[in-house]
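**Q** Next comes the structure file work.pdb, holding PDB, C-alpha atoms and all ligand atoms.
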ATOM      1  CA  MET A   1     102.070 127.606 109.430
ATOM      2  CA  ILE A   2     104.660 125.066 108.357
ATOM      3  CA  ALA A   3     108.391 125.561 108.986
ATOM      4  CA  VAL A   4     110.862 123.292 107.207
ATOM      5  CA  ARG A   5     114.237 123.658 108.910
ATOM      6  CA  GLY A   6     117.445 122.187 107.475
ATOM      7  CA  LEU A   7     115.597 119.035 106.463
ATOM      8  CA  THR A   8     117.751 116.176 105.174
ATOM      9  CA  LYS A   9     116.453 112.703 104.388
ATOM     10  CA  ARG A  10     118.547 109.798 103.146
ATOM     11  CA  TYR A  11     117.310 106.427 102.003
ATOM     12  CA  GLY A  12     120.530 104.426 102.012
ATOM     13  CA  ASP A  13     122.611 105.959  99.219
ATOM     14  CA  VAL A  14     119.768 108.152  97.952
ATOM     15  CA  LEU A  15     119.775 111.718  99.209
ATOM     16  CA  ALA A  16     116.043 112.453  98.799
ATOM     17  CA  VAL A  17     116.030 115.815 100.619
ATOM     18  CA  ASP A  18     119.158 117.873 101.105
ATOM     19  CA  ASP A  19     119.256 120.606 103.778
ATOM     20  CA  LEU A  20     115.917 122.080 102.773
ATOM     21  CA  SER A  21     114.456 125.116 104.559
ATOM     22  CA  PHE A  22     111.343 127.148 103.787
ATOM     23  CA  ASP A  23     108.164 128.455 105.444
ATOM     24  CA  VAL A  24     104.576 127.992 104.345
ATOM     25  CA  GLN A  25     102.376 130.889 105.439
ATOM     26  CA  PRO A  26      98.664 130.829 106.254
ATOM     27  CA  GLY A  27      96.105 132.480 103.961
ATOM     28  CA  LYS A  28      97.909 131.513 100.772
ATOM     29  CA  VAL A  29      98.123 128.571  98.431
ATOM     30  CA  THR A  30     101.786 127.607  98.291
ATOM     31  CA  GLY A  31     102.799 125.413  95.360
ATOM     32  CA  PHE A  32     105.517 122.843  96.029
ATOM     33  CA  LEU A  33     107.028 122.340  92.616
ATOM     34  CA  GLY A  34     109.733 120.038  91.350
ATOM     35  CA  PRO A  35     110.343 117.288  88.798
ATOM     36  CA  ASN A  36     109.662 113.631  89.627
ATOM     37  CA  GLY A  37     111.939 112.439  92.396
ATOM     38  CA  ALA A  38     112.750 115.974  93.604
ATOM     39  CA  GLY A  39     111.792 115.132  97.191
ATOM     40  CA  LYS A  40     108.302 116.651  97.511
ATOM     41  CA  SER A  41     106.519 113.564  98.845
ATOM     42  CA  THR A  42     109.389 112.796 101.194
ATOM     43  CA  THR A  43     109.209 116.313 102.648
ATOM     44  CA  MET A  44     105.457 115.941 103.129
ATOM     45  CA  ARG A  45     105.798 112.521 104.741
ATOM     46  CA  VAL A  46     108.351 113.855 107.222
ATOM     47  CA  ALA A  47     106.100 116.872 107.890
ATOM     48  CA  LEU A  48     103.272 114.480 108.772
ATOM     49  CA  GLY A  49     105.456 112.321 110.997
ATOM     50  CA  LEU A  50     105.089 109.330 108.645
ATOM     51  CA  ASP A  51     108.806 109.218 108.028
ATOM     52  CA  ARG A  52     111.776 110.291 110.153
ATOM     53  CA  SER A  53     114.226 112.920 109.001
ATOM     54  CA  THR A  54     117.932 112.100 108.856
ATOM     55  CA  SER A  55     118.535 115.592 110.246
ATOM     56  CA  GLY A  56     116.595 118.829 110.533
ATOM     57  CA  GLU A  57     112.872 119.005 111.181
ATOM     58  CA  VAL A  58     109.469 120.129 109.993
ATOM     59  CA  LEU A  59     107.272 122.022 112.449
ATOM     60  CA  VAL A  60     103.526 122.417 112.040
ATOM     61  CA  ASN A  61     102.225 125.292 114.134
ATOM     62  CA  GLY A  62     105.521 125.193 116.016
ATOM     63  CA  ARG A  63     105.414 121.488 116.873
ATOM     64  CA  ARG A  64     106.358 118.156 115.344
ATOM     65  CA  CYS A  65     103.341 116.328 113.947
ATOM     66  CA  ALA A  66     104.157 113.161 115.852
ATOM     67  CA  SER A  67     103.495 115.069 119.095
ATOM     68  CA  PHE A  68      99.823 115.791 118.271
ATOM     69  CA  ALA A  69      97.391 113.544 120.171
ATOM     70  CA  GLU A  70      94.636 114.156 117.597
ATOM     71  CA  PRO A  71      96.603 115.085 114.480
ATOM     72  CA  LEU A  72      93.629 115.508 112.123
ATOM     73  CA  ARG A  73      92.508 118.555 114.116
ATOM     74  CA  GLU A  74      95.853 120.234 113.347
ATOM     75  CA  VAL A  75      96.834 119.015 109.905
ATOM     76  CA  GLY A  76      95.032 117.257 107.075
ATOM     77  CA  ALA A  77      96.745 115.591 104.140
ATOM     78  CA  LEU A  78      96.055 113.934 100.836
ATOM     79  CA  LEU A  79      99.083 111.779 100.127
ATOM     80  CA  ASP A  80      98.147 108.542  98.450
ATOM     81  CA  PRO A  81      94.515 108.276  97.374
ATOM     82  CA  GLY A  82      94.970 104.516  97.013
ATOM     83  CA  ALA A  83      95.749 104.101 100.715
ATOM     84  CA  ALA A  84      92.149 103.603 101.936
ATOM     85  CA  HIS A  85      90.999 100.033 102.701
ATOM     86  CA  PRO A  86      89.286  98.851  99.459
ATOM     87  CA  GLY A  87      86.698  96.682 101.230
ATOM     88  CA  ARG A  88      85.305  99.551 103.308
ATOM     89  CA  THR A  89      82.745 102.078 102.194
ATOM     90  CA  GLY A  90      83.865 105.672 101.913
ATOM     91  CA  ARG A  91      81.660 106.580 104.847
ATOM     92  CA  ALA A  92      83.112 103.806 107.042
ATOM     93  CA  HIS A  93      86.629 105.005 106.149
ATOM     94  CA  LEU A  94      85.724 108.516 107.296
ATOM     95  CA  ARG A  95      84.003 107.229 110.464
ATOM     96  CA  VAL A  96      87.231 105.514 111.540
ATOM     97  CA  ALA A  97      89.182 108.722 110.944
ATOM     98  CA  ALA A  98      86.638 110.719 112.985
ATOM     99  CA  ARG A  99      86.541 108.244 115.862
ATOM    100  CA  THR A 100      90.320 107.931 116.239
ATOM    101  CA  ASN A 101      90.638 111.703 116.369
ATOM    102  CA  GLY A 102      87.851 112.395 118.832
ATOM    103  CA  LEU A 103      85.660 114.063 116.215
ATOM    104  CA  PRO A 104      81.851 114.038 116.231
ATOM    105  CA  ALA A 105      80.159 111.656 113.754
ATOM    106  CA  ARG A 106      78.361 114.576 112.084
ATOM    107  CA  ARG A 107      81.726 115.620 110.594
ATOM    108  CA  VAL A 108      81.483 112.563 108.313
ATOM    109  CA  ASP A 109      78.288 113.854 106.687
ATOM    110  CA  GLU A 110      79.645 117.382 106.507
ATOM    111  CA  VAL A 111      82.801 116.436 104.601
ATOM    112  CA  VAL A 112      80.936 113.969 102.342
ATOM    113  CA  GLU A 113      78.744 116.914 101.391
ATOM    114  CA  GLN A 114      81.685 119.324 101.085
ATOM    115  CA  VAL A 115      83.615 117.153  98.611
ATOM    116  CA  GLY A 116      80.526 116.128  96.641
ATOM    117  CA  LEU A 117      80.933 112.396  97.239
ATOM    118  CA  GLY A 118      77.143 112.045  97.570
ATOM    119  CA  ARG A 119      75.685 108.552  97.417
ATOM    120  CA  ALA A 120      79.068 107.070  96.494
ATOM    121  CA  ALA A 121      79.955 107.422 100.202
ATOM    122  CA  GLY A 122      77.873 104.300 100.850
ATOM    123  CA  ARG A 123      79.697 102.193  98.262
ATOM    124  CA  ARG A 124      82.850 100.125  98.706
ATOM    125  CA  ILE A 125      86.062 102.005  97.903
ATOM    126  CA  LYS A 126      87.311  99.269  95.545
ATOM    127  CA  GLY A 127      84.642 100.392  93.038
ATOM    128  CA  TYR A 128      85.695 104.057  93.161
ATOM    129  CA  SER A 129      87.109 105.927  90.180
ATOM    130  CA  LEU A 130      90.355 107.841  90.709
ATOM    131  CA  GLY A 131      88.336 111.061  90.970
ATOM    132  CA  MET A 132      86.161 109.578  93.725
ATOM    133  CA  ARG A 133      89.228 108.322  95.578
ATOM    134  CA  GLN A 134      90.722 111.813  95.413
ATOM    135  CA  ARG A 135      87.501 113.300  96.792
ATOM    136  CA  LEU A 136      87.452 110.730  99.603
ATOM    137  CA  GLY A 137      91.092 111.472 100.421
ATOM    138  CA  ILE A 138      90.296 115.172 100.560
ATOM    139  CA  ALA A 139      87.265 114.522 102.764
ATOM    140  CA  ALA A 140      89.549 112.667 105.194
ATOM    141  CA  ALA A 141      92.012 115.586 105.109
ATOM    142  CA  LEU A 142      89.251 118.058 105.953
ATOM    143  CA  ILE A 143      87.438 116.021 108.579
ATOM    144  CA  GLY A 144      89.204 117.559 111.596
ATOM    145  CA  ASP A 145      88.747 121.110 110.234
ATOM    146  CA  PRO A 146      92.527 121.609 110.403
ATOM    147  CA  GLY A 147      94.338 124.902 109.911
ATOM    148  CA  VAL A 148      97.125 123.258 107.911
ATOM    149  CA  LEU A 149      96.609 121.182 104.768
ATOM    150  CA  LEU A 150      99.034 119.245 102.581
ATOM    151  CA  PHE A 151      98.014 117.915  99.176
ATOM    152  CA  ASP A 152     100.416 115.729  97.196
ATOM    153  CA  GLU A 153      99.666 115.968  93.459
ATOM    154  CA  PRO A 154      95.892 116.345  94.026
ATOM    155  CA  VAL A 155      95.019 116.894  90.356
ATOM    156  CA  ASN A 156      96.801 113.778  89.076
ATOM    157  CA  GLY A 157      94.493 111.787  86.853
ATOM    158  CA  LEU A 158      91.474 114.054  87.280
ATOM    159  CA  ASP A 159      89.207 115.249  84.484
ATOM    160  CA  LEU A 160      88.742 118.953  83.854
ATOM    161  CA  ASP A 161      85.736 119.214  86.175
ATOM    162  CA  GLY A 162      87.698 117.588  88.980
ATOM    163  CA  VAL A 163      90.693 119.849  88.360
ATOM    164  CA  ARG A 164      88.490 122.957  88.463
ATOM    165  CA  TRP A 165      86.830 121.752  91.637
ATOM    166  CA  ILE A 166      90.193 121.226  93.366
ATOM    167  CA  ARG A 167      91.433 124.650  92.285
ATOM    168  CA  GLY A 168      88.324 126.272  93.777
ATOM    169  CA  LEU A 169      88.610 124.267  96.973
ATOM    170  CA  LEU A 170      92.283 125.161  97.516
ATOM    171  CA  ARG A 171      91.496 128.839  97.009
ATOM    172  CA  GLN A 172      88.595 128.671  99.449
ATOM    173  CA  LEU A 173      90.724 126.925 102.102
ATOM    174  CA  ALA A 174      93.439 129.583 101.800
ATOM    175  CA  ASP A 175      90.872 132.394 101.886
ATOM    176  CA  GLU A 176      89.592 130.939 105.154
ATOM    177  CA  GLY A 177      93.076 131.634 106.519
ATOM    178  CA  ARG A 178      94.420 128.084 106.382
ATOM    179  CA  THR A 179      97.962 127.101 105.449
ATOM    180  CA  VAL A 180      97.782 125.209 102.141
ATOM    181  CA  LEU A 181     100.768 123.388 100.603
ATOM    182  CA  VAL A 182     100.107 121.616  97.298
ATOM    183  CA  SER A 183     102.711 119.687  95.339
ATOM    184  CA  SER A 184     102.972 119.214  91.589
ATOM    185  CA  HIS A 185     105.565 118.519  88.933
ATOM    186  CA  LEU A 186     103.687 120.724  86.456
ATOM    187  CA  LEU A 187     104.462 124.421  86.335
ATOM    188  CA  SER A 188     101.393 125.019  84.158
ATOM    189  CA  GLU A 189      99.166 123.618  86.900
ATOM    190  CA  MET A 190     100.824 125.548  89.719
ATOM    191  CA  GLU A 191     100.735 128.749  87.715
ATOM    192  CA  GLN A 192      96.936 128.665  87.955
ATOM    193  CA  ILE A 193      96.620 127.643  91.595
ATOM    194  CA  ALA A 194      99.496 128.960  93.681
ATOM    195  CA  ASP A 195     100.130 132.396  95.187
ATOM    196  CA  ARG A 196     103.662 131.403  96.102
ATOM    197  CA  LEU A 197     105.997 128.734  94.805
ATOM    198  CA  VAL A 198     108.642 126.715  96.554
ATOM    199  CA  VAL A 199     110.635 125.066  93.755
ATOM    200  CA  ILE A 200     112.956 122.152  94.551
ATOM    201  CA  GLY A 201     115.219 119.934  92.472
ATOM    202  CA  ARG A 202     117.242 116.947  93.701
ATOM    203  CA  GLY A 203     116.106 117.667  97.224
ATOM    204  CA  ARG A 204     117.443 121.218  97.277
ATOM    205  CA  LEU A 205     115.742 124.597  97.243
ATOM    206  CA  ILE A 206     115.836 126.343  93.869
ATOM    207  CA  ALA A 207     113.341 129.157  94.385
ATOM    208  CA  ASP A 208     110.989 130.475  97.062
ATOM    209  CA  ALA A 209     108.996 133.530  96.008
ATOM    210  CA  THR A 210     105.633 134.689  94.701
ATOM    211  CA  THR A 211     104.384 132.875  91.606
ATOM    212  CA  GLU A 212     104.363 136.181  89.760
ATOM    213  CA  HIS A 213     107.983 136.887  90.636
ATOM    214  CA  ILE A 214     109.140 133.439  89.577
ATOM    215  CA  LEU A 215     107.212 133.510  86.310
ATOM    216  CA  SER A 216     108.491 136.960  85.408
ATOM    217  CA  GLY A 217     112.061 135.761  85.951
ATOM    218  CA  LEU A 218     111.637 132.626  83.868
ATOM    219  CA  GLY A 219     110.301 133.535  80.451
ATOM    220  CA  ARG A 220     113.308 135.483  79.322
ATOM    221  CA  VAL A 221     113.705 137.030  75.902
ATOM    222  CA  GLN A 222     116.507 136.139  73.510
ATOM    223  CA  VAL A 223     117.350 137.972  70.318
ATOM    224  CA  ARG A 224     118.370 135.941  67.256
ATOM    225  CA  VAL A 225     120.434 137.878  64.739
ATOM    226  CA  ARG A 226     122.166 137.138  61.433
ATOM    227  CA  GLY A 227     124.471 139.670  59.853
ATOM    228  CA  ALA A 228     126.742 139.955  56.837
ATOM    229  CA  GLU A 229     129.830 139.753  59.063
ATOM    230  CA  PRO A 230     129.071 137.630  62.141
ATOM    231  CA  ASP A 231     132.522 138.073  63.716
ATOM    232  CA  LEU A 232     132.365 141.842  63.507
ATOM    233  CA  LEU A 233     128.806 141.848  64.812
ATOM    234  CA  LEU A 234     129.729 139.563  67.711
ATOM    235  CA  ALA A 235     132.636 141.786  68.704
ATOM    236  CA  GLY A 236     130.469 144.920  68.402
ATOM    237  CA  LEU A 237     127.740 143.500  70.641
ATOM    238  CA  ARG A 238     130.183 142.152  73.254
ATOM    239  CA  GLU A 239     131.875 145.527  73.357
ATOM    240  CA  HIS A 240     128.595 146.887  74.723
ATOM    241  CA  GLY A 241     128.517 144.275  77.480
ATOM    242  CA  LEU A 242     125.892 142.009  75.915
ATOM    243  CA  ALA A 243     125.963 138.239  76.461
ATOM    244  CA  VAL A 244     126.321 136.852  72.913
ATOM    245  CA  GLU A 245     126.678 133.243  71.799
ATOM    246  CA  ARG A 246     127.150 131.784  68.342
ATOM    247  CA  VAL A 247     124.339 129.477  67.266
ATOM    248  CA  ASP A 248     126.122 128.535  63.993
ATOM    249  CA  ALA A 249     128.404 130.143  61.407
ATOM    250  CA  HIS A 250     125.828 132.809  60.608
ATOM    251  CA  GLU A 251     123.529 133.235  63.590
ATOM    252  CA  LEU A 252     124.101 134.818  66.998
ATOM    253  CA  ARG A 253     121.959 134.606  70.117
ATOM    254  CA  VAL A 254     121.893 137.595  72.468
ATOM    255  CA  GLU A 255     120.484 137.394  76.018
ATOM    256  CA  ASN A 256     118.599 139.993  78.043
ATOM    257  CA  THR A 257     118.151 142.650  75.405
ATOM    258  CA  THR A 258     115.704 143.740  72.722
ATOM    259  CA  ALA A 259     115.726 143.425  68.941
ATOM    260  CA  GLU A 260     115.691 147.223  68.770
ATOM    261  CA  GLU A 261     118.883 147.502  70.830
ATOM    262  CA  VAL A 262     120.686 144.845  68.764
ATOM    263  CA  GLY A 263     119.566 146.588  65.548
ATOM    264  CA  ARG A 264     120.884 149.906  66.813
ATOM    265  CA  LEU A 265     124.272 148.428  67.798
ATOM    266  CA  ALA A 266     124.586 146.583  64.462
ATOM    267  CA  HIS A 267     123.922 149.824  62.664
ATOM    268  CA  ALA A 268     126.547 151.606  64.784
ATOM    269  CA  ALA A 269     129.049 148.816  63.963
ATOM    270  CA  ASN A 270     128.160 149.192  60.291
ATOM    271  CA  VAL A 271     127.059 145.556  59.875
ATOM    272  CA  PRO A 272     124.065 144.992  57.552
ATOM    273  CA  LEU A 273     121.549 142.576  59.076
ATOM    274  CA  ARG A 274     119.820 139.652  57.336
ATOM    275  CA  HIS A 275     117.644 138.525  60.203
ATOM    276  CA  LEU A 276     116.569 139.964  63.560
ATOM    277  CA  SER A 277     113.949 138.447  65.876
ATOM    278  CA  GLU A 278     112.972 138.136  69.533
ATOM    279  CA  VAL A 279     112.256 134.678  70.926
ATOM    280  CA  ARG A 280     110.504 134.322  74.273
ATOM    281  CA  GLN A 281     111.476 131.113  76.000
ATOM    282  CA  SER A 282     108.390 129.106  76.981
ATOM    283  CA  LEU A 283     107.772 128.852  80.695
ATOM    284  CA  GLU A 284     107.885 125.068  80.585
ATOM    285  CA  ASP A 285     111.282 125.152  78.844
ATOM    286  CA  ALA A 286     112.533 127.648  81.392
ATOM    287  CA  TYR A 287     111.269 125.493  84.236
ATOM    288  CA  VAL A 288     113.013 122.416  82.855
ATOM    289  CA  GLU A 289     116.182 124.462  82.573
ATOM    290  CA  LEU A 290     115.725 125.820  86.094
ATOM    291  CA  THR A 291     115.207 122.409  87.649
ATOM    292  CA  GLY A 292     117.258 120.350  85.184
ATOM    293  CA  ASP A 293     120.521 120.716  87.015
ATOM    294  CA  SER A 294     119.677 122.087  90.401
ATOM    295  CA  VAL A 295     123.192 121.706  91.729
ATOM    296  CA  GLU A 296     124.456 124.162  89.148
ATOM    297  CA  TYR A 297     121.842 126.688  90.180
ATOM    298  CA  HIS A 298     122.142 126.233  93.896
ATOM    299  CA  GLY A 299     123.893 128.922  95.888
ATOM    300  CA  GLY A 300     123.047 132.035  93.859
ATOM    301  CA  GLY A 301     123.943 130.928  90.332
ATOM    302  CA  ALA A 302     122.531 132.732  87.326
ATOM    303  CA  GLY A 303     119.347 130.702  87.120
ATOM    304  CA  ARG A 304     118.399 130.910  90.746
ATOM    305  CA  VAL A 305     115.321 132.944  91.516
ATOM    306  CA  ALA A 306     115.838 134.785  94.757
ATOM    307  CA  GLU A 307     113.177 135.907  97.165
ATOM    308  CA  GLY A 308     111.237 138.785  95.700
ATOM    309  CA  ALA A 309     108.183 140.764  96.677
ATOM    310  CA  ARG A 310     105.876 138.815  98.926
TER     311      ARG A 310
HETATM  312  N1  LIG A 401     111.055 104.674 100.770
HETATM  313  C1  LIG A 401     112.028 104.998  99.934
HETATM  314  N2  LIG A 401     113.122 104.229  99.800
HETATM  315  C2  LIG A 401     114.123 104.565  98.953
HETATM  316  N3  LIG A 401     114.144 105.671  98.181
HETATM  317  C3  LIG A 401     113.077 106.494  98.271
HETATM  318  C4  LIG A 401     111.964 106.205  99.142
HETATM  319  N4  LIG A 401     111.068 107.219  99.010
HETATM  320  C5  LIG A 401     111.586 108.073  98.103
HETATM  321  N5  LIG A 401     112.787 107.654  97.652
HETATM  322  C6  LIG A 401     113.668 108.349  96.692
HETATM  323  O1  LIG A 401     113.835 109.676  97.146
HETATM  324  C7  LIG A 401     113.825 110.584  96.055
HETATM  325  C8  LIG A 401     112.726 111.610  96.272
HETATM  326  O2  LIG A 401     111.456 110.966  96.109
HETATM  327  P1  LIG A 401     110.070 111.710  96.358
HETATM  328  O3  LIG A 401     108.995 110.685  96.159
HETATM  329  O4  LIG A 401     110.097 112.434  97.637
HETATM  330  O5  LIG A 401     110.047 112.765  95.163
HETATM  331  P2  LIG A 401     108.836 113.590  94.581
HETATM  332  O6  LIG A 401     109.349 114.958  94.330
HETATM  333  O7  LIG A 401     107.643 113.461  95.434
HETATM  334  O8  LIG A 401     108.595 112.882  93.188
HETATM  335  P3  LIG A 401     107.246 112.433  92.452
HETATM  336  O9  LIG A 401     106.741 113.680  91.786
HETATM  337  O10 LIG A 401     107.762 111.422  91.490
HETATM  338  O11 LIG A 401     106.329 111.856  93.500
HETATM  339  C9  LIG A 401     113.666 109.750  94.805
HETATM  340  O12 LIG A 401     114.946 109.502  94.297
HETATM  341  C10 LIG A 401     113.020 108.481  95.318
HETATM  342  O13 LIG A 401     113.348 107.382  94.492
END
Take the structure I supplied and represent it as structure tokens, if you would.
Ligand SMILES: Nc1ncnc2c1ncn2[C@@H]1O[C@H](COP(=O)(O)OP(=O)(O)OP(=O)(O)O)[C@@H](O)[C@H]1O
**A**
Amino acid sequence: MIAVRGLTKRYGDVLAVDDLSFDVQPGKVTGFLGPNGAGKSTTMRVALGLDRSTSGEVLVNGRRCASFAEPLREVGALLDPGAAHPGRTGRAHLRVAARTNGLPARRVDEVVEQVGLGRAAGRRIKGYSLGMRQRLGIAAALIGDPGVLLFDEPVNGLDLDGVRWIRGLLRQLADEGRTVLVSSHLLSEMEQIADRLVVIGRGRLIADATTEHILSGLGRVQVRVRGAEPDLLLAGLREHGLAVERVDAHELRVENTTAEEVGRLAHAANVPLRHLSEVRQSLEDAYVELTGDSVEYHGGGAGRVAEGAR
């Protein structure tokens, strides 16, 4: 389990993470979602003890990572697949990781097999494709058989086969009861992988709930309507408590209702209609709106998705 508690991280004038708190539970894939620069990598680096928090803390299994004598047995991470020494072979890279964490040499062969690195393990890392580097990084994350795993944008730059393989692996790791946190800036990717989502923007928490709950709250329906007398129609709809906005001189946009309801109210107000349609906002558009101005949404504003069913 991972517990992020009031985490704040400043780099000079840049507030990268701003009083962030959330839990990551075992047995589930938790997606860590936010636009570029939202603070995902910073949170992960602090969690791993690679960076110090300005205030607050991240606990892994109740302790700070820096306090683990053999950290790879507790927590594995894929942060920067380019970080391995290019002149070493993949196998040598993994041997160093095993040795410094008191792990038996056989773990090297086991993880090479598990990630499908095959014969490439004997080649120098500088000749690796991005996909092979990702697999090597994941092998290093898994080498200590840890209960907690952090993956920072693991599907970046992978082909479809690689993406499918990572999805399957994340699911398997969660099904084995491990705590799995995986970051992405793509809602479409997380939608397919994550059981829960922690959404951040500008370092602050925007949403923390099941993926299903967040998705159902995002793709809202709007009704577009054009009538013979827009002013009369607008007044008639507002009278019934509907949120109505003017799109232009002729068209109105009505939130959180159905075309049928708007048609019924227009009829009651005696306004002939020229156009009536329902538009479902795309999830990606909704996500951009949700994360676009996180300050506006923070603290229970209209766009904030609160905790729902677990
Ligand atoms: N070492 C650093 N020095 C200065 N600023 C930093 C440093 N690391 C991160 N930042 C800044 O902190 C903010 C959060 O960055 P971070 O990399 O954590 O975001 P992210 O959500 O992981 O984004 P991305 O998806 O682009 O990786 C950004 O404004 C970034 O420029």
**Q** What residues of the protein or nucleic acid chains come within 6 Å of ligand LIG 401 (chain A) when you use all atoms listed in the file? Reply as a PyMOL selection string.
**A** chain A and resi 11+16+34-42+185
**Q** Keeping only C-alpha atoms, write the selected residues as a short mmCIF file (atom, residue, chain, number, x, y, z; two decimals), in the coordinates of the input.
**A**
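Everything below was put into selection-v8.cif:
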data_model
loop_
_atom_site.label_atom_id
_atom_site.label_comp_id
_atom_site.auth_asym_id
_atom_site.auth_seq_id
_atom_site.Cartn_x
_atom_site.Cartn_y
_atom_site.Cartn_z
CA TYR A 11 117.31 106.43 102.00
CA ALA A 16 116.04 112.45 98.80
CA GLY A 34 109.73 120.04 91.35
CA PRO A 35 110.34 117.29 88.80
CA ASN A 36 109.66 113.63 89.63
CA GLY A 37 111.94 112.44 92.40
CA ALA A 38 112.75 115.97 93.60
CA GLY A 39 111.79 115.13 97.19
CA LYS A 40 108.30 116.65 97.51
CA SER A 41 106.52 113.56 98.84
CA THR A 42 109.39 112.80 101.19
CA HIS A 185 105.56 118.52 88.93
#
**Q** Can you work out the spacing between CA of Arg99 (chain A) and CA of Leu169 (chain A) in Å, to one decimal?
**A**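 About the pair CA of Arg99 (chain A) and CA of Leu169 (chain A): they are 24.9 Å apart.
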**Q** Name all residues at most 9 Å from region 120-124 of chain A (count all atoms listed in the file; drop same-chain ones fewer than 5 positions away) and give them as an mmCIF file with C-alpha atoms, in the coordinates of the input.
**A**
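Saved the output as result.cif:
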data_model
loop_
_atom_site.group_PDB
_atom_site.id
_atom_site.type_symbol
_atom_site.label_atom_id
_atom_site.label_comp_id
_atom_site.auth_asym_id
_atom_site.auth_seq_id
_atom_site.Cartn_x
_atom_site.Cartn_y
_atom_site.Cartn_z
ATOM 1 C CA PRO A 86 89.286 98.851 99.459
ATOM 2 C CA GLY A 87 86.698 96.682 101.230
ATOM 3 C CA ARG A 88 85.305 99.551 103.308
ATOM 4 C CA THR A 89 82.745 102.078 102.194
ATOM 5 C CA GLY A 90 83.865 105.672 101.913
ATOM 6 C CA ARG A 91 81.660 106.580 104.847
ATOM 7 C CA ALA A 92 83.112 103.806 107.042
ATOM 8 C CA VAL A 112 80.936 113.969 102.342
ATOM 9 C CA MET A 132 86.161 109.578 93.725
ATOM 10 C CA LEU A 136 87.452 110.730 99.603
#
**Q** Could you list, as a list in words, every residue matched by the PyMOL selection byres (((chain A and resi 21) around 12) and not hetatm) in this structure?
**A**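 That expression, the PyMOL selection byres (((chain A and resi 21) around 12) and not hetatm), corresponds here to Ile2, Ala3, Val4, Arg5, Gly6, Leu7, Thr8, Val17, Asp18, Asp19, Leu20, Phe22, Asp23, Val24, Thr43, Ser55, Gly56, Glu57, Val58, Leu59, Val198, Val199, Ile200, Gly203, Arg204, Leu205, Ile206, Ala207 and Asp208 of chain A.
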**Q** Find the residues near Met1 (chain A): any atom within 10 Å, counting all atoms listed in the file, skip ones fewer than 2 places away on the same chain, and give them as a PyMOL selection string.
**A** chain A and resi 3+23-27+59-62+147-149+178-181
**Q** Please determine, counting only C-alpha atoms, which residue among A:Leu33, A:Val247, A:Ile143, A:Leu232 has the shortest atom-to-atom distance to Leu187 (chain A).
**A**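 Answer, going by the shortest atom-to-atom distance: A:Leu33.
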**Q** So which one's closest to Ser184 (chain A), A:Arg107, A:Glu278, A:Arg202, A:Phe151? Using all atoms listed in the file, please.
**A**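 That would be A:Phe151, the residue with the smallest distance to Ser184 (chain A).
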**Q** Axis-aligned box over every listed atom of region 143-158 of chain A, padded by 4 Å per side: centre and edges in Å to one decimal, as AutoDock Vina command-line options?
**A**
--center_x 93.9 --center_y 118.3 --center_z 99.2 --size_x 21.0 --size_y 21.1 --size_z 32.7
**Q** Please identify all polymer residues lying at most 7 Å from the point (123.8, 142.0, 57.4) (file coordinates), using all atoms listed in the file, and present the result as a list in words.
**A**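 Protein, DNA and RNA residues close to (123.8, 142.0, 57.4): Arg226, Gly227, Ala228, Glu229, Val271, Pro272, Leu273 and Arg274 of chain A.
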**Q** List, as JSON, numbers by chain, every residue that the PyMOL selection byres (((chain A and resi 97) around 12) and not hetatm) selects in the file provided.
**A** {"A": [70, 71, 72, 73, 76, 84, 90, 91, 92, 93, 94, 95, 96, 98, 99, 100, 101, 102, 103, 104, 105, 107, 108, 111, 136, 137, 139, 140, 141, 142, 143, 144]}
**Q** Considering all atoms listed in the file, state which residue in the set A:Ile138, A:Leu242, A:Phe68, A:Leu276 is at the smallest distance from Leu170 (chain A).
**A** A:Ile138
**Q** Rounded to one decimal in Å, what is the spacing between CA of Glu189 (chain A) and CA of Gly157 (chain A)?
**A**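 Distance between the two atoms: 12.7 Å.
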**Q** Can you list what the PyMOL selection byres (((chain A and resi 196) around 6) and not hetatm) grabs from this structure, as a list in words?
**A**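 Those residues are Thr30, Ala194, Asp195, Leu197, Ala209, Thr210 and Thr211 of chain A.
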**Q** Separation of CA of Leu130 (chain A) and CA of Glu153 (chain A), in Å?
**A**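 So the two atoms, CA of Leu130 (chain A) and CA of Glu153 (chain A), lie 12.7 Å apart.
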**Q** Taking all atoms listed in the file into account, which of A:Leu150, A:Val75, A:Leu15, A:Ile193 comes nearest Arg167 (chain A)?
**A** A:Ile193
**Q** Using the structure just given, write a file holding N, CA and C atoms for region 36-41 of chain A, as an mmCIF file, in the first residue's frame.
**A**
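The resulting file, decode_35.cif, is reproduced below:
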data_model
loop_
_atom_site.group_PDB
_atom_site.id
_atom_site.type_symbol
_atom_site.label_atom_id
_atom_site.label_comp_id
_atom_site.auth_asym_id
_atom_site.auth_seq_id
_atom_site.Cartn_x
_atom_site.Cartn_y
_atom_site.Cartn_z
ATOM 1 N N ASN A 36 0.632 16.832 -18.873
ATOM 2 C CA ASN A 36 2.082 17.032 -18.726
ATOM 3 C C ASN A 36 2.336 18.108 -17.681
ATOM 4 N N GLY A 37 3.301 17.833 -16.819
ATOM 5 C CA GLY A 37 3.669 18.825 -15.804
ATOM 6 C C GLY A 37 2.756 18.853 -14.597
ATOM 7 N N ALA A 38 1.834 17.882 -14.488
ATOM 8 C CA ALA A 38 0.867 17.893 -13.375
ATOM 9 C C ALA A 38 1.515 17.529 -12.042
ATOM 10 N N GLY A 39 2.652 16.840 -12.095
ATOM 11 C CA GLY A 39 3.327 16.470 -10.843
ATOM 12 C C GLY A 39 3.390 14.971 -10.587
ATOM 13 N N LYS A 40 3.071 14.168 -11.591
ATOM 14 C CA LYS A 40 3.042 12.703 -11.414
ATOM 15 C C LYS A 40 4.445 12.149 -11.147
ATOM 16 N N SER A 41 5.391 12.503 -12.019
ATOM 17 C CA SER A 41 6.751 11.966 -11.842
ATOM 18 C C SER A 41 7.353 12.444 -10.532
#
